[in-house]
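Okay, data-v3.pdb is below, PDB, C-alpha atoms, pLDDT in the B column:
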ATOM      1  CA  MET L   1      18.522  96.672 157.556  1.00 49.00           C
ATOM      2  CA  THR L   2      16.493  93.807 156.188  1.00 59.00           C
ATOM      3  CA  ASP L   3      13.998  91.583 157.985  1.00 79.00           C
ATOM      4  CA  THR L   4      15.441  88.541 156.233  1.00 90.00           C
ATOM      5  CA  PRO L   5      17.465  86.427 158.666  1.00 94.00           C
ATOM      6  CA  ILE L   6      21.111  85.603 158.058  1.00 96.00           C
ATOM      7  CA  ASN L   7      21.113  81.963 156.969  1.00 96.00           C
ATOM      8  CA  VAL L   8      24.014  79.865 158.247  1.00 97.00           C
ATOM      9  CA  LEU L   9      24.904  76.271 157.448  1.00 96.00           C
ATOM     10  CA  VAL L  10      27.061  74.569 160.085  1.00 96.00           C
ATOM     11  CA  LEU L  11      28.964  71.613 158.648  1.00 93.00           C
ATOM     12  CA  CYS L  12      30.791  68.661 160.095  1.00 92.00           C
ATOM     13  CA  THR L  13      31.480  65.181 158.850  1.00 90.00           C
ATOM     14  CA  GLY L  14      28.894  63.169 160.811  1.00 92.00           C
ATOM     15  CA  ASN L  15      26.381  65.904 161.758  1.00 95.00           C
ATOM     16  CA  SER L  16      25.826  64.376 165.171  1.00 95.00           C
ATOM     17  CA  ALA L  17      27.563  66.635 167.700  1.00 96.00           C
ATOM     18  CA  ARG L  18      29.454  69.886 166.967  1.00 96.00           C
ATOM     19  CA  SER L  19      27.393  70.986 163.989  1.00 96.00           C
ATOM     20  CA  VAL L  20      24.144  70.303 165.870  1.00 98.00           C
ATOM     21  CA  LEU L  21      25.386  72.274 168.889  1.00 98.00           C
ATOM     22  CA  GLY L  22      26.371  75.120 166.565  1.00 98.00           C
ATOM     23  CA  GLU L  23      22.989  75.102 164.833  1.00 98.00           C
ATOM     24  CA  CYS L  24      21.188  75.255 168.166  1.00 98.00           C
ATOM     25  CA  LEU L  25      23.383  78.010 169.591  1.00 98.00           C
ATOM     26  CA  ILE L  26      23.173  80.243 166.519  1.00 98.00           C
ATOM     27  CA  ASN L  27      19.386  79.932 166.515  1.00 97.00           C
ATOM     28  CA  ALA L  28      19.145  80.503 170.271  1.00 97.00           C
ATOM     29  CA  LEU L  29      21.543  83.449 170.453  1.00 97.00           C
ATOM     30  CA  GLY L  30      20.727  85.012 167.089  1.00 96.00           C
ATOM     31  CA  GLY L  31      17.575  86.718 168.315  1.00 93.00           C
ATOM     32  CA  GLY L  32      15.613  85.809 165.203  1.00 94.00           C
ATOM     33  CA  ARG L  33      18.128  87.688 163.048  1.00 96.00           C
ATOM     34  CA  TRP L  34      20.084  84.468 162.394  1.00 97.00           C
ATOM     35  CA  LYS L  35      18.716  81.136 161.132  1.00 97.00           C
ATOM     36  CA  ALA L  36      21.042  78.150 161.338  1.00 98.00           C
ATOM     37  CA  TYR L  37      20.933  74.706 159.810  1.00 97.00           C
ATOM     38  CA  SER L  38      23.401  71.843 160.155  1.00 97.00           C
ATOM     39  CA  ALA L  39      24.525  68.994 157.944  1.00 95.00           C
ATOM     40  CA  GLY L  40      27.350  66.551 157.375  1.00 93.00           C
ATOM     41  CA  SER L  41      29.461  65.370 154.476  1.00 89.00           C
ATOM     42  CA  ARG L  42      28.947  61.780 155.666  1.00 91.00           C
ATOM     43  CA  PRO L  43      26.080  61.949 158.185  1.00 94.00           C
ATOM     44  CA  VAL L  44      25.975  59.145 160.739  1.00 95.00           C
ATOM     45  CA  GLY L  45      22.180  59.035 160.619  1.00 94.00           C
ATOM     46  CA  ARG L  46      21.450  60.038 164.215  1.00 96.00           C
ATOM     47  CA  VAL L  47      22.253  62.885 166.555  1.00 97.00           C
ATOM     48  CA  ASN L  48      24.586  61.833 169.360  1.00 97.00           C
ATOM     49  CA  PRO L  49      22.432  61.313 172.479  1.00 97.00           C
ATOM     50  CA  LEU L  50      24.957  63.313 174.523  1.00 98.00           C
ATOM     51  CA  SER L  51      24.436  66.276 172.179  1.00 98.00           C
ATOM     52  CA  LEU L  52      20.744  66.169 172.974  1.00 98.00           C
ATOM     53  CA  GLU L  53      21.467  65.692 176.665  1.00 98.00           C
ATOM     54  CA  ILE L  54      23.712  68.769 176.863  1.00 98.00           C
ATOM     55  CA  LEU L  55      21.217  70.860 174.889  1.00 98.00           C
ATOM     56  CA  ALA L  56      18.433  69.885 177.286  1.00 98.00           C
ATOM     57  CA  GLU L  57      20.700  70.548 180.272  1.00 97.00           C
ATOM     58  CA  LYS L  58      21.347  74.065 178.932  1.00 97.00           C
ATOM     59  CA  GLY L  59      17.622  74.714 178.511  1.00 97.00           C
ATOM     60  CA  HIS L  60      17.307  74.245 174.740  1.00 97.00           C
ATOM     61  CA  SER L  61      14.601  72.278 172.993  1.00 96.00           C
ATOM     62  CA  THR L  62      15.876  69.031 171.503  1.00 96.00           C
ATOM     63  CA  GLU L  63      13.032  68.624 169.017  1.00 95.00           C
ATOM     64  CA  GLY L  64      13.662  68.443 165.298  1.00 95.00           C
ATOM     65  CA  TYR L  65      17.395  67.753 165.224  1.00 97.00           C
ATOM     66  CA  ARG L  66      18.489  65.048 162.827  1.00 96.00           C
ATOM     67  CA  SER L  67      21.685  63.962 161.120  1.00 96.00           C
ATOM     68  CA  LYS L  68      21.439  64.907 157.451  1.00 96.00           C
ATOM     69  CA  SER L  69      23.557  65.268 154.350  1.00 94.00           C
ATOM     70  CA  TRP L  70      24.874  68.586 153.142  1.00 91.00           C
ATOM     71  CA  ASP L  71      23.394  67.617 149.751  1.00 91.00           C
ATOM     72  CA  GLU L  72      20.010  68.797 151.088  1.00 92.00           C
ATOM     73  CA  PHE L  73      21.357  72.329 151.137  1.00 91.00           C
ATOM     74  CA  ALA L  74      22.925  72.257 147.674  1.00 86.00           C
ATOM     75  CA  ARG L  75      19.568  71.750 145.937  1.00 87.00           C
ATOM     76  CA  PRO L  76      17.923  74.645 144.115  1.00 85.00           C
ATOM     77  CA  ASP L  77      14.936  74.641 146.517  1.00 88.00           C
ATOM     78  CA  ALA L  78      17.131  74.784 149.649  1.00 90.00           C
ATOM     79  CA  PRO L  79      17.363  77.923 151.768  1.00 91.00           C
ATOM     80  CA  ARG L  80      19.947  80.308 150.362  1.00 92.00           C
ATOM     81  CA  MET L  81      22.911  80.477 152.736  1.00 93.00           C
ATOM     82  CA  ASP L  82      24.776  83.645 153.635  1.00 94.00           C
ATOM     83  CA  LEU L  83      27.508  81.850 155.554  1.00 95.00           C
ATOM     84  CA  VAL L  84      28.850  78.289 155.709  1.00 93.00           C
ATOM     85  CA  ILE L  85      30.813  77.322 158.824  1.00 94.00           C
ATOM     86  CA  THR L  86      32.845  74.141 159.106  1.00 90.00           C
ATOM     87  CA  VAL L  87      33.374  73.021 162.698  1.00 92.00           C
ATOM     88  CA  CYS L  88      35.606  70.003 162.173  1.00 81.00           C
ATOM     89  CA  ASP L  89      38.910  69.784 160.385  1.00 68.00           C
ATOM     90  CA  ASN L  90      37.790  66.874 158.191  1.00 63.00           C
ATOM     91  CA  ALA L  91      34.823  68.783 156.750  1.00 53.00           C
ATOM     92  CA  ALA L  92      36.986  71.888 156.262  1.00 51.00           C
ATOM     93  CA  GLY L  93      39.335  69.905 154.022  1.00 58.00           C
ATOM     94  CA  GLU L  94      36.662  68.268 151.897  1.00 58.00           C
ATOM     95  CA  VAL L  95      35.434  69.482 148.553  1.00 60.00           C
ATOM     96  CA  CYS L  96      32.055  71.012 149.331  1.00 61.00           C
ATOM     97  CA  PRO L  97      29.104  71.197 146.986  1.00 65.00           C
ATOM     98  CA  ILE L  98      28.528  74.433 145.131  1.00 64.00           C
ATOM     99  CA  TRP L  99      26.201  76.376 147.398  1.00 66.00           C
ATOM    100  CA  PRO L 100      23.477  78.466 145.746  1.00 68.00           C
ATOM    101  CA  GLY L 101      24.303  82.142 146.185  1.00 73.00           C
ATOM    102  CA  HIS L 102      28.023  81.478 146.849  1.00 75.00           C
ATOM    103  CA  PRO L 103      27.960  82.169 150.605  1.00 87.00           C
ATOM    104  CA  ALA L 104      31.001  83.227 152.607  1.00 88.00           C
ATOM    105  CA  LYS L 105      32.882  80.337 154.242  1.00 90.00           C
ATOM    106  CA  VAL L 106      34.743  80.165 157.535  1.00 91.00           C
ATOM    107  CA  HIS L 107      36.345  77.364 159.534  1.00 90.00           C
ATOM    108  CA  LEU L 108      35.940  77.256 163.308  1.00 92.00           C
ATOM    109  CA  GLY L 109      37.512  74.004 164.466  1.00 90.00           C
ATOM    110  CA  PHE L 110      36.508  72.315 167.707  1.00 94.00           C
ATOM    111  CA  PRO L 111      37.539  68.972 169.210  1.00 93.00           C
ATOM    112  CA  ASP L 112      35.018  66.199 168.660  1.00 94.00           C
ATOM    113  CA  PRO L 113      33.269  65.470 171.961  1.00 95.00           C
ATOM    114  CA  ALA L 114      31.969  62.221 170.475  1.00 93.00           C
ATOM    115  CA  ASP L 115      35.543  60.910 170.718  1.00 93.00           C
ATOM    116  CA  ALA L 116      35.478  61.205 174.528  1.00 95.00           C
ATOM    117  CA  LYS L 117      36.076  58.007 176.456  1.00 96.00           C
ATOM    118  CA  GLY L 118      35.223  57.072 180.004  1.00 97.00           C
ATOM    119  CA  SER L 119      32.086  57.099 182.075  1.00 97.00           C
ATOM    120  CA  HIS L 120      28.880  58.800 181.042  1.00 97.00           C
ATOM    121  CA  GLU L 121      29.782  61.765 183.278  1.00 97.00           C
ATOM    122  CA  GLU L 122      33.295  62.023 181.812  1.00 97.00           C
ATOM    123  CA  GLN L 123      31.903  62.008 178.284  1.00 97.00           C
ATOM    124  CA  LEU L 124      29.229  64.552 179.211  1.00 97.00           C
ATOM    125  CA  ALA L 125      31.950  66.769 180.707  1.00 98.00           C
ATOM    126  CA  GLU L 126      33.655  66.812 177.305  1.00 97.00           C
ATOM    127  CA  PHE L 127      30.365  67.789 175.634  1.00 98.00           C
ATOM    128  CA  ARG L 128      29.984  70.618 178.175  1.00 98.00           C
ATOM    129  CA  LYS L 129      33.485  71.850 177.382  1.00 98.00           C
ATOM    130  CA  VAL L 130      32.927  71.827 173.613  1.00 97.00           C
ATOM    131  CA  TYR L 131      29.474  73.404 174.036  1.00 98.00           C
ATOM    132  CA  ALA L 132      31.118  76.302 175.942  1.00 98.00           C
ATOM    133  CA  MET L 133      33.764  76.703 173.216  1.00 97.00           C
ATOM    134  CA  ILE L 134      31.127  76.810 170.478  1.00 97.00           C
ATOM    135  CA  GLU L 135      28.955  79.188 172.505  1.00 98.00           C
ATOM    136  CA  ALA L 136      31.850  81.650 172.877  1.00 98.00           C
ATOM    137  CA  LYS L 137      32.543  81.614 169.124  1.00 97.00           C
ATOM    138  CA  VAL L 138      28.850  81.965 168.248  1.00 97.00           C
ATOM    139  CA  ARG L 139      28.487  84.957 170.579  1.00 97.00           C
ATOM    140  CA  ARG L 140      31.486  86.583 168.874  1.00 97.00           C
ATOM    141  CA  LEU L 141      30.134  85.756 165.411  1.00 96.00           C
ATOM    142  CA  ILE L 142      26.780  87.360 166.187  1.00 96.00           C
ATOM    143  CA  GLU L 143      28.530  90.398 167.669  1.00 95.00           C
ATOM    144  CA  LEU L 144      30.721  90.856 164.567  1.00 94.00           C
ATOM    145  CA  GLY L 145      28.187  89.852 161.927  1.00 92.00           C
ATOM    146  CA  PRO L 146      28.567  87.568 158.912  1.00 90.00           C
ATOM    147  CA  ASP L 147      30.811  89.961 156.972  1.00 89.00           C
ATOM    148  CA  ARG L 148      33.467  89.679 159.684  1.00 91.00           C
ATOM    149  CA  ALA L 149      33.081  85.946 160.391  1.00 90.00           C
ATOM    150  CA  ALA L 150      36.720  85.285 159.528  1.00 88.00           C
ATOM    151  CA  GLU L 151      37.709  87.395 162.563  1.00 91.00           C
ATOM    152  CA  VAL L 152      35.945  85.067 164.994  1.00 90.00           C
TER     153      VAL L 152
END
Let me see whether you can do it: turn the structure in this file into structure tokens.
Amino acid sequence: MTDTPINVLVLCTGNSARSVLGECLINALGGGRWKAYSAGSRPVGRVNPLSLEILAEKGHSTEGYRSKSWDEFARPDAPRMDLVITVCDNAAGEVCPIWPGHPAKVHLGFPDPADAKGSHEEQLAEFRKVYAMIEAKVRRLIELGPDRAAEV
């Protein structure tokens, strides 16, 4: 067993909601053995405030999250990824950059909570629901390990 963490890149189109939640959950639940990053194919430039609100509600730090391009992780000086996870159907269907090290890839699709309509509470309820879905998949991923990610 190595002391090097398993590096995971969580991708979505806008990098404002699902991918940020996934990044946070992998880091929180990975016990230091997993290190997650997130990015988007077409980042919107800011993390959805409801993403940050649900993370804070669940006891996570909200510091340091930002909406960024997946191009940051295709550069030679970027962390070498072991696994790339797409969390939205749009990103799963796009032609991704060539990732250094040729990491394994898996798609775990979730509905976009940013599409929720209604009051603040109704929208936050959708973020809670998607957070719980992502949390369940992340727990399973960590239990199985990166080599069995496709079974999640």
### Query
Which residue, L:Lys35, L:Arg66, L:His107, L:Lys137, has the smallest gap to Pro49 of chain L when you use all atoms listed in the file?
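Closest candidate: L:Arg66.
In terms of minimum interatomic distance to Ala132 of chain L, L:Leu25 ranks closest within L:Val152, L:Leu25, L:Met81, L:Leu108, counting only C-alpha atoms.
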### Message
Just to confirm, what's the straight-line distance from atom CA of Val84 of chain L to atom CA of Gln123 of chain L in Å (one decimal)?
### Response
28.0 Å
### Point-to-point distance from atom CA of Pro146 of chain L to atom CA of His60 of chain L, Å rounded to tenths
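Taking atom CA of Pro146 of chain L as the start and atom CA of His60 of chain L as the end point, the length is 23.6 Å.
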### Query
Taking the file as shown, what set of residues would the PyMOL selection byres ((chain L and resi 73) around 12) give back, as number ranges by chain?
L: 7-11, 36-41, 68-72, 74-81, 84, 96-101, 103
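Separating atom CA of Lys105 of chain L from atom CA of Glu63 of chain L is a distance of 27.4 Å.
Residue nearest Ala114 of chain L within the list L:Cys12, L:Leu144, L:Leu50, L:Ile6: L:Leu50 [criterion: smallest interatomic distance, only C-alpha atoms].
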### Task
Find, counting only C-alpha atoms, the residue in L:Glu143, L:Asp3, L:Glu151, L:Asp115 that gets nearest to Leu29 of chain L.
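Closest candidate: L:Glu143.
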